[in-house]
Structure formats: structure tokens, C-alpha cells
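Structure file work36.cif; described as mmCIF, C-alpha atoms.
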```cif
data_structure
#
loop_
_atom_site.label_atom_id
_atom_site.label_comp_id
_atom_site.auth_asym_id
_atom_site.auth_seq_id
_atom_site.Cartn_x
_atom_site.Cartn_y
_atom_site.Cartn_z
CA MET A 1 -19.83 -33.49 -39.00
CA SER A 2 -19.39 -33.85 -35.24
CA ILE A 3 -20.35 -31.15 -32.77
CA GLN A 4 -17.39 -30.06 -30.65
CA GLN A 5 -17.90 -30.73 -26.94
CA SER A 6 -18.64 -27.54 -25.04
CA PHE A 7 -16.18 -26.21 -22.50
CA ASN A 8 -17.78 -26.13 -19.05
CA TYR A 9 -16.84 -22.63 -17.93
CA SER A 10 -18.69 -22.75 -14.61
CA HIS A 11 -17.13 -26.10 -13.67
CA PHE A 12 -13.63 -24.83 -14.46
CA LEU A 13 -14.06 -21.64 -12.42
CA THR A 14 -15.60 -23.52 -9.50
CA GLN A 15 -12.68 -25.97 -9.43
CA LYS A 16 -10.16 -23.12 -9.32
CA LEU A 17 -12.03 -21.47 -6.46
CA GLU A 18 -12.24 -24.75 -4.54
CA GLN A 19 -8.50 -25.18 -4.99
CA LEU A 20 -7.96 -21.77 -3.39
CA LYS A 21 -10.13 -22.78 -0.44
CA THR A 22 -8.33 -26.11 -0.02
CA GLU A 23 -4.95 -24.37 0.03
CA GLY A 24 -6.20 -21.81 2.55
CA ASN A 25 -5.68 -18.94 0.12
CA TYR A 26 -9.33 -18.06 -0.56
CA ARG A 27 -10.06 -14.46 0.39
CA TYR A 28 -12.95 -13.67 2.69
CA PHE A 29 -14.15 -10.07 2.83
CA LEU A 30 -15.35 -8.72 6.14
CA GLU A 31 -18.08 -6.10 5.75
CA VAL A 32 -16.82 -3.26 7.94
CA ASN A 33 -19.27 -0.66 9.21
CA LYS A 34 -16.69 2.12 9.54
CA SER A 35 -17.36 5.06 11.83
CA ALA A 36 -15.48 8.35 11.57
CA ARG A 37 -16.33 9.03 15.20
CA HIS A 38 -15.12 5.72 16.60
CA PHE A 39 -12.23 4.75 14.30
CA PRO A 40 -10.32 2.38 14.65
CA ALA A 41 -13.30 0.65 16.27
CA PHE A 42 -16.09 -0.60 14.01
CA TYR A 43 -19.09 -2.90 13.90
CA PHE A 44 -19.74 -5.94 11.73
CA THR A 45 -22.39 -8.62 11.44
CA ASP A 46 -21.28 -12.21 12.09
CA THR A 47 -22.53 -15.32 10.29
CA ASN A 48 -25.36 -15.64 12.81
CA GLY A 49 -26.64 -12.17 11.98
CA LYS A 50 -25.46 -10.74 15.28
CA GLN A 51 -23.78 -7.34 15.42
CA GLN A 52 -20.24 -7.51 16.77
CA HIS A 53 -17.67 -4.89 17.79
CA ALA A 54 -14.00 -5.01 16.81
CA VAL A 55 -10.86 -2.87 16.51
CA ASN A 56 -9.22 -2.53 13.10
CA TRP A 57 -5.52 -3.47 13.04
CA CYS A 58 -5.05 -3.67 9.27
CA SER A 59 -6.14 -0.27 7.96
CA ASN A 60 -3.59 1.78 6.00
CA ASP A 61 -5.31 4.97 7.19
CA TYR A 62 -2.16 5.48 9.27
CA LEU A 63 -2.92 8.94 10.64
CA GLY A 64 -6.69 8.64 10.71
CA MET A 65 -6.94 11.50 8.22
CA SER A 66 -10.02 9.97 6.57
CA THR A 67 -11.85 10.78 9.82
CA HIS A 68 -10.40 14.27 10.33
CA GLU A 69 -13.21 16.82 10.62
CA GLU A 70 -11.50 19.42 8.42
CA VAL A 71 -10.83 16.90 5.65
CA ILE A 72 -14.42 15.65 5.75
CA SER A 73 -15.77 19.21 5.77
CA LYS A 74 -13.61 20.21 2.81
CA MET A 75 -14.81 17.25 0.77
CA GLY A 76 -18.44 17.97 1.60
CA PHE A 77 -18.15 21.67 0.80
CA VAL A 78 -16.53 21.12 -2.60
CA ALA A 79 -18.90 18.26 -3.50
CA HIS A 80 -21.83 20.57 -2.73
CA ASN A 81 -20.40 23.24 -5.02
CA SER A 82 -18.77 21.18 -7.80
CA GLY A 83 -20.75 17.95 -7.75
CA THR A 84 -19.74 14.37 -6.99
CA GLY A 85 -17.76 13.58 -10.15
CA SER A 86 -15.50 15.31 -12.65
CA GLY A 87 -17.54 14.21 -15.64
CA GLY A 88 -14.67 13.29 -17.95
CA THR A 89 -11.07 12.49 -18.64
CA ARG A 90 -8.43 15.13 -17.99
CA ASN A 91 -8.50 16.41 -21.56
CA ILE A 92 -12.32 16.31 -21.79
CA SER A 93 -13.44 18.70 -19.04
CA GLY A 94 -11.88 16.55 -16.28
CA THR A 95 -9.17 19.03 -15.34
CA THR A 96 -10.45 21.41 -12.67
CA ASN A 97 -8.71 23.99 -10.53
CA TYR A 98 -8.77 21.44 -7.70
CA HIS A 99 -6.72 18.98 -9.77
CA LYS A 100 -4.13 21.61 -10.62
CA ILE A 101 -3.89 22.87 -7.02
CA LEU A 102 -3.33 19.35 -5.71
CA GLU A 103 -0.68 18.58 -8.34
CA ALA A 104 1.14 21.80 -7.42
CA VAL A 105 1.02 20.89 -3.72
CA LEU A 106 2.35 17.38 -4.43
CA ALA A 107 5.17 18.69 -6.64
CA LYS A 108 6.28 21.17 -4.00
CA TRP A 109 6.05 18.52 -1.27
CA HIS A 110 8.36 16.17 -3.18
CA LYS A 111 10.56 18.98 -4.49
CA LYS A 112 9.76 18.15 -8.11
CA GLU A 113 8.82 20.40 -11.01
CA THR A 114 5.35 18.96 -11.36
CA ALA A 115 3.06 16.02 -10.56
CA LEU A 116 0.35 13.98 -12.30
CA LEU A 117 -2.78 12.56 -10.66
CA PHE A 118 -4.14 9.06 -11.24
CA ASN A 119 -7.13 7.21 -9.79
CA GLY A 120 -4.78 5.06 -7.73
CA ALA A 121 -1.10 4.37 -7.11
CA TYR A 122 -1.54 0.96 -8.79
CA GLN A 123 -2.73 2.68 -11.96
CA ALA A 124 0.09 5.23 -11.68
CA ASN A 125 2.71 2.46 -11.47
CA VAL A 126 1.30 0.39 -14.32
CA THR A 127 0.75 3.34 -16.65
CA THR A 128 4.08 5.06 -16.01
CA LEU A 129 6.24 1.95 -16.27
CA GLN A 130 4.49 0.69 -19.40
CA THR A 131 4.65 4.12 -21.01
CA LEU A 132 8.39 4.43 -20.40
CA GLY A 133 9.07 0.83 -21.40
CA LYS A 134 7.12 0.97 -24.64
CA ASN A 135 8.46 4.33 -25.77
CA ILE A 136 12.15 4.38 -24.78
CA PRO A 137 13.97 2.11 -27.27
CA GLY A 138 16.02 -0.63 -25.63
CA LEU A 139 15.18 0.43 -22.06
CA VAL A 140 16.37 -2.19 -19.57
CA ILE A 141 14.29 -2.31 -16.38
CA LEU A 142 15.91 -3.43 -13.11
CA SER A 143 13.38 -4.32 -10.41
CA ASP A 144 13.70 -5.37 -6.76
CA GLU A 145 12.35 -8.90 -6.29
CA LYS A 146 10.01 -7.73 -3.50
CA ASN A 147 8.38 -4.97 -5.54
CA HIS A 148 4.60 -4.53 -5.36
CA ALA A 149 2.24 -6.32 -7.75
CA SER A 150 1.47 -3.04 -9.53
CA ILE A 151 5.15 -2.58 -10.37
CA ILE A 152 5.40 -6.17 -11.58
CA GLU A 153 2.27 -5.71 -13.71
CA GLY A 154 3.62 -2.50 -15.21
CA ILE A 155 6.94 -4.09 -16.13
CA ARG A 156 5.26 -7.26 -17.44
CA GLY A 157 3.11 -5.16 -19.75
CA CYS A 158 6.04 -4.11 -21.93
CA LYS A 159 8.48 -6.28 -23.89
CA ASN A 160 11.64 -4.69 -22.50
CA ASP A 161 14.60 -6.60 -21.14
CA LYS A 162 13.98 -7.10 -17.43
CA LYS A 163 16.46 -7.80 -14.63
CA ILE A 164 15.35 -8.79 -11.13
CA PHE A 165 17.79 -8.04 -8.31
CA ARG A 166 17.66 -9.68 -4.89
CA HIS A 167 15.85 -7.65 -2.27
CA ASN A 168 17.90 -4.61 -1.22
CA ASP A 169 21.02 -6.40 -2.52
CA LEU A 170 23.33 -3.65 -3.79
CA GLN A 171 26.04 -6.02 -4.94
CA HIS A 172 23.60 -7.98 -7.09
CA LEU A 173 22.14 -4.75 -8.50
CA GLU A 174 25.58 -3.51 -9.50
CA GLU A 175 26.44 -6.84 -11.11
CA LEU A 176 23.34 -6.54 -13.27
CA LEU A 177 24.03 -2.90 -14.13
CA ALA A 178 27.64 -3.63 -15.06
CA ALA A 179 26.56 -6.41 -17.43
CA ILE A 180 24.34 -4.06 -19.48
CA GLU A 181 25.88 -2.31 -22.47
CA GLY A 182 26.91 1.16 -21.38
CA ASN A 183 24.92 3.03 -24.00
CA LYS A 184 21.62 1.26 -23.23
CA PRO A 185 19.00 3.25 -21.27
CA LYS A 186 18.30 1.80 -17.82
CA LEU A 187 15.59 2.22 -15.17
CA ILE A 188 15.95 1.08 -11.55
CA VAL A 189 12.56 0.49 -9.89
CA PHE A 190 12.19 -0.04 -6.15
CA GLU A 191 10.11 0.88 -3.09
CA SER A 192 11.04 3.01 -0.11
CA VAL A 193 9.09 0.95 2.46
CA TYR A 194 8.19 -2.63 1.55
CA SER A 195 4.73 -3.30 2.92
CA MET A 196 5.00 -7.07 3.30
CA SER A 197 8.31 -7.09 5.19
CA GLY A 198 8.60 -3.60 6.63
CA THR A 199 12.11 -3.25 5.23
CA ILE A 200 13.41 0.10 3.99
CA ALA A 201 15.44 0.42 0.80
CA PRO A 202 19.08 1.63 0.88
CA VAL A 203 18.05 4.63 -1.20
CA LYS A 204 21.32 6.56 -0.95
CA GLU A 205 23.35 3.61 -2.24
CA ILE A 206 20.87 2.89 -5.05
CA VAL A 207 21.08 6.52 -6.12
CA ALA A 208 24.88 6.27 -6.20
CA LEU A 209 24.71 3.20 -8.45
CA ALA A 210 22.19 4.91 -10.73
CA LYS A 211 24.52 7.86 -11.19
CA LYS A 212 27.51 5.60 -11.77
CA TYR A 213 25.71 3.66 -14.53
CA ASN A 214 23.59 6.53 -15.91
CA ALA A 215 20.25 4.95 -14.96
CA LEU A 216 16.89 6.56 -14.31
CA THR A 217 15.38 5.90 -10.85
CA TYR A 218 11.75 5.18 -9.97
CA ILE A 219 10.68 4.87 -6.33
CA ASP A 220 7.32 3.77 -4.93
CA GLU A 221 6.74 5.80 -1.74
CA VAL A 222 3.16 4.75 -1.02
CA HIS A 223 3.98 3.49 2.50
CA GLY A 224 6.32 6.39 3.21
CA VAL A 225 4.24 9.35 2.04
CA GLY A 226 2.63 11.22 4.92
CA LEU A 227 4.76 9.58 7.59
CA TYR A 228 8.50 10.13 7.19
CA GLY A 229 10.54 13.33 6.88
CA ASN A 230 10.18 16.78 8.43
CA THR A 231 6.95 17.50 6.57
CA GLY A 232 5.85 13.91 5.96
CA ALA A 233 6.91 13.78 2.30
CA GLY A 234 8.43 10.31 2.76
CA ILE A 235 11.71 8.43 3.07
CA LEU A 236 13.35 10.60 0.39
CA GLU A 237 12.72 13.70 2.49
CA GLN A 238 13.97 11.94 5.62
CA GLU A 239 17.19 10.98 3.83
CA ASN A 240 17.52 14.37 2.04
CA LEU A 241 17.43 12.64 -1.35
CA GLN A 242 14.41 14.23 -2.99
CA SER A 243 16.42 15.83 -5.77
CA ASP A 244 18.28 12.58 -6.53
CA ILE A 245 15.36 10.38 -7.63
CA ASP A 246 13.83 10.90 -11.07
CA ILE A 247 10.27 9.66 -10.50
CA VAL A 248 8.31 9.34 -7.25
CA ASN A 249 5.11 7.32 -7.04
CA GLY A 250 2.75 8.08 -4.17
CA THR A 251 -0.78 7.50 -2.92
CA LEU A 252 -3.55 9.66 -1.54
CA SER A 253 -5.30 6.59 -0.10
CA LYS A 254 -3.14 5.63 2.88
CA ALA A 255 -1.63 8.19 5.26
CA ILE A 256 -3.39 11.03 3.43
CA GLY A 257 -6.67 9.21 4.03
CA VAL A 258 -8.53 10.08 0.82
CA PHE A 259 -8.27 8.36 -2.58
CA GLY A 260 -6.05 8.31 -5.66
CA GLY A 261 -2.41 8.11 -6.69
CA TYR A 262 0.20 10.20 -8.46
CA ILE A 263 3.72 10.53 -9.79
CA ALA A 264 6.03 13.51 -9.32
CA ALA A 265 8.99 14.24 -11.59
CA SER A 266 10.41 16.77 -14.05
CA ASN A 267 8.18 18.72 -16.40
CA THR A 268 9.44 16.70 -19.36
CA LEU A 269 8.87 13.28 -17.76
CA ILE A 270 5.39 14.19 -16.56
CA ASP A 271 4.42 15.65 -19.92
CA PHE A 272 5.69 12.48 -21.62
CA VAL A 273 3.52 10.21 -19.43
CA ARG A 274 0.59 12.62 -19.75
CA SER A 275 0.89 12.54 -23.55
CA PHE A 276 1.63 8.84 -24.16
CA GLY A 277 0.16 6.98 -21.14
CA SER A 278 -3.13 5.35 -22.15
CA GLY A 279 -3.94 4.54 -18.52
CA PHE A 280 -4.01 8.27 -17.89
CA ILE A 281 -5.44 9.53 -21.17
CA PHE A 282 -8.53 7.31 -21.21
CA THR A 283 -9.53 7.37 -17.54
CA THR A 284 -12.10 9.69 -15.98
CA SER A 285 -10.33 11.98 -13.53
CA LEU A 286 -10.69 12.07 -9.77
CA PRO A 287 -13.73 13.96 -8.44
CA PRO A 288 -12.89 17.58 -7.58
CA ALA A 289 -14.02 17.06 -3.98
CA VAL A 290 -11.53 14.20 -3.57
CA CYS A 291 -8.72 16.43 -4.82
CA ALA A 292 -9.73 19.23 -2.45
CA ALA A 293 -9.90 16.85 0.52
CA ALA A 294 -6.46 15.41 -0.31
CA THR A 295 -5.00 18.91 -0.53
CA LYS A 296 -6.45 19.79 2.88
CA SER A 297 -5.14 16.54 4.38
CA ILE A 298 -1.59 17.17 3.11
CA GLN A 299 -1.65 20.70 4.52
CA LEU A 300 -2.73 19.35 7.92
CA ILE A 301 -0.04 16.65 7.87
CA GLN A 302 2.59 19.27 7.12
CA GLU A 303 1.35 21.63 9.85
CA GLU A 304 0.22 19.28 12.63
CA THR A 305 3.40 17.29 13.21
CA ILE A 306 1.97 15.96 16.49
CA ILE A 307 -0.16 13.53 14.43
CA ARG A 308 2.94 11.85 13.04
CA THR A 309 4.67 11.96 16.43
CA SER A 310 1.69 10.16 18.00
CA PHE A 311 1.77 7.59 15.23
CA PHE A 312 5.42 6.63 15.75
CA ASN A 313 5.00 6.67 19.53
CA ASN A 314 2.24 4.10 19.05
CA VAL A 315 4.52 1.95 16.89
CA LEU A 316 7.13 1.91 19.68
CA GLN A 317 4.53 1.15 22.37
CA LEU A 318 3.10 -1.71 20.32
CA ARG A 319 6.49 -3.36 19.84
CA GLN A 320 7.42 -2.84 23.46
CA GLN A 321 4.24 -4.64 24.53
CA PHE A 322 4.99 -7.45 22.09
CA SER A 323 8.48 -7.81 23.53
CA ASN A 324 7.15 -7.74 27.09
CA ASN A 325 4.66 -10.50 26.28
CA ASN A 326 7.07 -12.64 24.23
CA ILE A 327 5.07 -12.22 21.02
CA PRO A 328 7.31 -12.97 18.02
CA PHE A 329 7.56 -10.29 15.35
CA ILE A 330 10.09 -9.46 12.66
CA PRO A 331 12.20 -6.40 13.64
CA ASN A 332 12.57 -3.65 11.04
CA ASN A 333 13.14 0.10 10.82
CA SER A 334 9.68 0.96 9.50
CA HIS A 335 6.23 1.25 11.06
CA ILE A 336 4.96 -2.10 9.74
CA THR A 337 4.92 -4.93 12.28
CA ILE A 338 4.97 -8.46 10.86
CA LEU A 339 3.82 -11.47 12.89
CA PRO A 340 4.90 -14.62 11.00
CA VAL A 341 2.38 -17.48 10.93
CA LYS A 342 3.48 -20.51 8.91
CA GLY A 343 0.79 -21.95 6.68
CA ALA A 344 -2.13 -20.20 5.02
CA ASP A 345 -4.74 -22.26 6.83
CA GLU A 346 -3.16 -21.68 10.24
CA CYS A 347 -2.88 -17.95 9.52
CA ARG A 348 -6.55 -17.71 8.63
CA LYS A 349 -7.60 -19.68 11.73
CA LEU A 350 -5.60 -17.38 13.98
CA ALA A 351 -7.17 -14.32 12.36
CA ASN A 352 -10.64 -15.81 12.85
CA VAL A 353 -10.03 -16.47 16.54
CA LEU A 354 -8.78 -12.93 17.05
CA LEU A 355 -11.85 -11.47 15.34
CA LEU A 356 -14.62 -13.65 16.77
CA ALA A 357 -13.27 -14.28 20.26
CA HIS A 358 -11.29 -11.10 20.96
CA GLY A 359 -12.74 -8.36 18.73
CA ILE A 360 -9.46 -7.84 16.88
CA TYR A 361 -9.49 -7.53 13.09
CA LEU A 362 -6.32 -8.66 11.33
CA GLN A 363 -6.55 -9.84 7.73
CA PRO A 364 -4.34 -12.89 7.04
CA ILE A 365 -1.64 -12.24 4.43
CA ASN A 366 -1.08 -15.21 2.14
CA PHE A 367 -0.32 -16.20 -1.46
CA PRO A 368 -0.17 -14.48 -3.93
CA THR A 369 0.46 -11.37 -1.80
CA VAL A 370 3.41 -13.21 -0.25
CA PRO A 371 5.08 -16.46 -1.35
CA SER A 372 3.76 -19.69 0.15
CA GLY A 373 5.54 -20.29 3.45
CA GLU A 374 5.78 -16.58 4.26
CA GLU A 375 2.23 -16.15 5.55
CA CYS A 376 1.80 -13.56 8.26
CA LEU A 377 -0.43 -11.17 10.10
CA ARG A 378 0.56 -7.63 9.15
CA ILE A 379 -0.19 -5.40 12.10
CA ILE A 380 -0.84 -1.77 11.23
CA ILE A 381 -1.22 0.65 14.10
CA THR A 382 -2.57 4.15 13.55
CA ALA A 383 -2.35 7.46 15.36
CA LYS A 384 -5.91 6.78 16.58
CA HIS A 385 -5.13 3.57 18.48
CA LEU A 386 -5.16 4.01 22.26
CA PRO A 387 -3.06 2.29 24.96
CA LYS A 388 -6.07 0.12 25.84
CA HIS A 389 -6.18 -1.15 22.25
CA ILE A 390 -2.46 -1.98 22.29
CA ASN A 391 -2.71 -3.77 25.64
CA HIS A 392 -5.72 -5.79 24.50
CA LEU A 393 -4.00 -6.88 21.29
CA ALA A 394 -0.85 -7.96 23.13
CA TYR A 395 -2.85 -9.79 25.81
CA SER A 396 -5.02 -11.58 23.24
CA LEU A 397 -2.06 -12.70 21.11
CA LYS A 398 -0.22 -13.92 24.21
CA LYS A 399 -3.28 -15.87 25.32
CA ILE A 400 -3.70 -17.58 21.95
CA ILE A 401 -0.04 -18.17 21.08
CA HIS A 402 1.31 -19.17 24.49
CA GLY A 403 -1.78 -20.30 26.37
CA ASN A 404 -2.48 -24.01 26.83
CA ASN A 405 -5.71 -23.75 28.80
CA PRO A 406 -8.91 -25.42 27.54
CA THR A 407 -10.55 -22.07 26.77
CA ASN A 408 -8.04 -21.32 24.04
CA ARG A 409 -8.41 -24.75 22.49
CA GLN A 410 -12.19 -24.46 22.59
CA GLU A 411 -12.03 -21.06 20.92
CA LEU A 412 -9.85 -22.38 18.13
CA GLU A 413 -11.86 -25.57 17.62
CA ALA A 414 -15.14 -23.64 17.53
CA VAL A 415 -13.88 -21.28 14.85
CA VAL A 416 -12.38 -24.08 12.77
CA ALA A 417 -15.61 -26.07 13.00
CA ALA A 418 -17.65 -23.05 11.94
CA ASP A 419 -15.23 -22.45 9.07
#
```
In C-alpha cells, write the structure found in this file.
Amino acid sequence: MSIQQSFNYSHFLTQKLEQLKTEGNYRYFLEVNKSARHFPAFYFTDTNGKQQHAVNWCSNDYLGMSTHEEVISKMGFVAHNSGTGSGGTRNISGTTNYHKILEAVLAKWHKKETALLFNGAYQANVTTLQTLGKNIPGLVILSDEKNHASIIEGIRGCKNDKKIFRHNDLQHLEELLAAIEGNKPKLIVFESVYSMSGTIAPVKEIVALAKKYNALTYIDEVHGVGLYGNTGAGILEQENLQSDIDIVNGTLSKAIGVFGGYIAASNTLIDFVRSFGSGFIFTTSLPPAVCAAATKSIQLIQEETIIRTSFFNNVLQLRQQFSNNNIPFIPNNSHITILPVKGADECRKLANVLLLAHGIYLQPINFPTVPSGEECLRIIITAKHLPKHINHLAYSLKKIIHGNNPTNRQELEAVVAAD
């Protein structure tokens, strides 16, 4: 009797990691020493153990609410009184008054009957989509090809018939809808603002198609919540379409500046996900202090409109400086500025030069976040960035991209050699 040769697990995993590095897709994590007082500036320690200073250009803390004194104070006060954690799932002591208050605030903000909290928008997407898919017989899911990984994961987790329509392509979406038997339940899933391209969905037209073909609608507003609309509720509020979408997914971790995710919908839909969604049922709930801080942040966003005005003024100033300095970026109608850089390795090298030689932190975006060949630097400005930060970024990019002097070549070669 022969002994079967053992599988070398470590060797296999090491090979896969080395392949990532060779392709330029290995992910390096910069240890950021974040300061509420100095945001978006921060400190980090380089490979030589030396402390360096940089400005963050890839944080989704769009309005700087994570550093707002009133939000911080609210979290500290409630943590002191209620403790640091909830201590259980929602049905086992994990539902506090702070959870219910926040859900009521979110529902009112999105003009829905109620809302349901999750520990992240990723979890909210996966749980909701899988719950609907597994429990509605014959449900056909139609998904935009550029949808976020959490949406893809949620749809992949159920055995339903799936149709992928070309990005923001209404004609293709209608062709797919028309080909489905009329009596079959349908769900159209899309995003309001697509974070890797900055494009905005034609929500009004998608709603019209959904009504025409009797389909449910599910929109991911994570990059719209807190920014767009009269009170910051998102693209749906801006377009006066809040009552026309069935389910809204949002996050508390970006513009709101705290942590967590949620969905908002009708009482029946929320109760259905609450009762059948394992990703909700078996997960410890958000800490009460986090809920209280998020509630305070939303109230401030609604009241202090100057924060959002400053944010969009900064977006315009950034793009104007890019245009003035002949820095190529992809135009769009959102706040996300995309600087295309072909090749994962080249993208990473450019990011390294910006960080080590210019004190500018931009995380390279590569596969699998975007398809190979669509690598980019995604530039995220916040309400806290100052004109001096914008000018320095534009100057540094111009120097690297358009400069042919020896200093630039030396900078690049030094970083590549160190890499």
C-alpha cells in the first residue's frame, strides 16, 4: 500500500503570491498614522524606519466627518455610558435604542418606511441579494457589468438566472428584460455612482424600464450617500426618485465617516431580509456608540450644507488645476477623478514616486478591482483638502508625467530599485 504524496500547501500559496507580484497586482498596505487634527495629512514610517509626512488622496472620508468634533464627542459619550460593544446579535440583546434611532433616521432620510443596519455595505449587499434570490422562486437578477464586488458576490451566492447588461446601456437592459417571460419575478441591480469610473447611472430611465416590465429595483448608493441631494441623501434625492426605487443600499463608512452599512425599503421587504437573511441574523450588531456617532454625523450633514458645498468646490478646483497643467483625467459627472495609468507595474511605480518623493498618497487601482489594462490612480478629494494641497498634487503630477529632467528619472529609478 503506497503512501499518497502530500500536497505542499505552503509552496502552492507562495507561488500564487509570487505570481501576483510578478504581474504587479500584489497589494502593499501603507500603515497610516491618521490624525483627526491634521487630516488629510498623516505620518508614516518608510522602509528605512524614518518618519515621513504625506497627504491622503484616496480616503473615502469625503466630508471629513470622522474627524468632526461633535461626532467624536458623541461616540465617546455613548461608549462611556453603554460600553464598547453591543454584546450580541440583534435578536440576542444586540438591539439598542441607538440602533432603532439610527434606522429611523436613515429611513426618513431616504423616504422609506424603514431601514436595517449591517456591519458594512458589503455585508448588506451580499445578505440582501442572496436572501431575495434564494427565497423568491424563479427570480431573474439583472446586474450592471460594472457593479461592485459585493453585488457580484451576493448574486453569485444564489442559483438564480442572472443577466449582465452592459454598463449604463439602457437598450441592452431592455433587450434582456423583454426576453424574460412576463410572469417571472425580476430584480434590476445597479449603482448610483460607480467608484472605479465615476460614472452616474441613468436612474430615471432604469426606473421607467422597471415599471414597464414589473421588476424590483435595487440601487447601491454608497458613493452618493452624504454628498448629493438637498440634504445629502444621495443621487435618488438629487433626481427626486426616492419613492421610485424599491431597495437602497448605503454605507456609514464613507461620507458619514463612521462605520457600517444598511438597506432602506418598505416594511415588508425589510422584515423579510431581517427574518430570512443569515448574514444579518447571525452577526453581532454594531456597537451602540457607532450608531450614535453615525446619527450625529447624518444630522450635521443635513444641517451644515456648507460642508458639502466646500467638497464640490474642491472637486471643481482640482479638475481645473489638472486641466491647467495638462494632466489627463477621465471626465465624468461625479466627484471621483480617475487618472488612467496603463499597466499595473507602471501604476504602482507612479504611486511610489508620488508617496516617497512628493508626500502624496494615492493607492494604485489594479486587478481584480478593475480589469487588466484599466489600471488607474483614483483621486479622492475631501472637504478638508486645502488649495495648497491641490496645487501641490497638480504640480507633482505635472513634474512626473511631463518632466524630462534628470531629477524625475532619478526619482523613478530609485523607487523602482528599492522596490
Using all atoms listed in the file, find each residue in segment 176-288 of chain A having at least one atom no more than 7 Å away from segment 148-172 of chain A; report its shortest atom-to-atom pair and that distance in Å (one decimal), rows by chain then rising number, as a Markdown table.
```
| residue | atom | partner | partner_atom | distance |
| --- | --- | --- | --- | --- |
| A:Leu176 | CA | A:His172 | CA | 6.4 |
| A:Ala201 | CA | A:Asn168 | CA | 6.0 |
| A:Pro202 | CA | A:Asn168 | CA | 6.7 |
```
Taking the file above as input, evaluate the PyMOL selection byres ((chain A and resi 37) around 12) and report the hits as a ChimeraX atom specification. /A:33-36,38-42,64-69,72,384
May I ask which of the residues A:Leu286, A:Ile400, A:Ala357, A:Cys347 is the closest one to Gly120 of chain A, counting all atoms listed in the file?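 Of A:Leu286, A:Ile400, A:Ala357, A:Cys347, the one nearest Gly120 of chain A, counting all atoms listed in the file, is A:Leu286.
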Looking at A:Ser243, A:Asn135, A:Asn125, A:Asn314, which one is nearest to Phe190 of chain A, with distances taken over only C-alpha atoms?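 Closest residue, counting only C-alpha atoms: A:Asn125.
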Computed gap from atom CA of Asn56 of chain A to atom CA of Phe77 of chain A is 28.6 Å
Between A:Thr251, A:Ala383, A:Lys100, A:Val71, which residue has the minimum interatomic distance to Asn313 of chain A, considering all atoms listed in the file?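 Among the listed residues, the smallest separation from Asn313 of chain A belongs to A:Ala383.
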Starting from the shown file, work through the PyMOL selection byres ((chain A and resi 54) around 10) and note down what comes out as a ChimeraX atom specification. /A:32,40-44,52-53,55-57,354-361
Work out how far apart atom CA of Asn97 of chain A and atom CA of Ser285 of chain A are and give it in Å to one decimal.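 Going from atom CA of Asn97 of chain A over to atom CA of Ser285 of chain A, I get 12.5 Å.
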Between atom CA of Glu221 of chain A and atom CA of Leu236 of chain A, what is the spacing in Å?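 A separation of 8.4 Å between them.
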I want to know what sits within 9 Å of Ile380 of chain A, based on all atoms listed in the file, with residues of the same chain fewer than 5 positions away left out; could you give that as an mmCIF file with C-alpha atoms, keeping the file's coordinate frame?
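See selection-v5.cif below for the written result:
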```
data_model
loop_
_atom_site.group_PDB
_atom_site.id
_atom_site.type_symbol
_atom_site.label_atom_id
_atom_site.label_comp_id
_atom_site.auth_asym_id
_atom_site.auth_seq_id
_atom_site.Cartn_x
_atom_site.Cartn_y
_atom_site.Cartn_z
ATOM 1 C CA ASN A 56 -9.220 -2.530 13.100
ATOM 2 C CA TRP A 57 -5.520 -3.470 13.040
ATOM 3 C CA CYS A 58 -5.050 -3.670 9.270
ATOM 4 C CA SER A 59 -6.140 -0.270 7.960
ATOM 5 C CA ASN A 60 -3.590 1.780 6.000
ATOM 6 C CA TYR A 62 -2.160 5.480 9.270
ATOM 7 C CA VAL A 315 4.520 1.950 16.890
ATOM 8 C CA HIS A 335 6.230 1.250 11.060
ATOM 9 C CA ILE A 336 4.960 -2.100 9.740
ATOM 10 C CA THR A 337 4.920 -4.930 12.280
ATOM 11 C CA ILE A 338 4.970 -8.460 10.860
ATOM 12 C CA LEU A 362 -6.320 -8.660 11.330
#
```
Starting from the PyMOL selection byres ((chain A and resi 401) around 12), expand the selection into actual residues of this file and give them as a PyMOL selection string. chain A and resi 322+325-328+339-341+346-347+350-351+353-354+393-400+402-405+408-409+412
Determine, counting all atoms listed in the file, which protein, DNA and RNA residues have an atom within 12 Å of an atom of Val290 of chain A; residues of the same chain fewer than 2 positions away are not included. Present the result as a PyMOL selection string. chain A and resi 66+71-79+82-86+96+98-99+102+117-119+252-253+256-261+285-288+292-297
Starting from the incomplete input, reconstruct N, CA and C atoms of segment 110-122 of chain A and write that as a short mmCIF file (atom, residue, chain, number, x, y, z; two decimals), in the frame of the given file.
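Listed below is the output, result_17.cif:
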```cif
data_model
loop_
_atom_site.label_atom_id
_atom_site.label_comp_id
_atom_site.auth_asym_id
_atom_site.auth_seq_id
_atom_site.Cartn_x
_atom_site.Cartn_y
_atom_site.Cartn_z
N HIS A 110 7.29 17.10 -2.79
CA HIS A 110 8.36 16.17 -3.18
C HIS A 110 9.54 16.87 -3.84
N LYS A 111 9.49 18.19 -3.88
CA LYS A 111 10.56 18.98 -4.49
C LYS A 111 10.81 18.57 -5.94
N LYS A 112 9.72 18.45 -6.68
CA LYS A 112 9.76 18.15 -8.11
C LYS A 112 9.13 19.30 -8.89
N GLU A 113 9.37 19.32 -10.19
CA GLU A 113 8.82 20.40 -11.01
C GLU A 113 7.31 20.33 -11.14
N THR A 114 6.79 19.10 -11.22
CA THR A 114 5.35 18.96 -11.36
C THR A 114 4.92 17.55 -10.95
N ALA A 115 3.61 17.32 -10.94
CA ALA A 115 3.06 16.02 -10.56
C ALA A 115 1.89 15.70 -11.47
N LEU A 116 1.46 14.44 -11.46
CA LEU A 116 0.35 13.98 -12.30
C LEU A 116 -0.53 13.04 -11.49
N LEU A 117 -1.83 13.35 -11.44
CA LEU A 117 -2.78 12.56 -10.66
C LEU A 117 -3.29 11.35 -11.43
N PHE A 118 -3.51 10.26 -10.71
CA PHE A 118 -4.14 9.06 -11.24
C PHE A 118 -5.24 8.65 -10.26
N ASN A 119 -6.06 7.68 -10.67
CA ASN A 119 -7.13 7.21 -9.79
C ASN A 119 -6.65 6.22 -8.74
N GLY A 120 -5.37 5.92 -8.74
CA GLY A 120 -4.78 5.06 -7.73
C GLY A 120 -3.30 4.90 -7.99
N ALA A 121 -2.54 4.56 -6.94
CA ALA A 121 -1.10 4.37 -7.11
C ALA A 121 -0.81 3.15 -7.97
N TYR A 122 -1.68 2.14 -7.93
CA TYR A 122 -1.54 0.96 -8.79
C TYR A 122 -1.58 1.40 -10.25
#
```
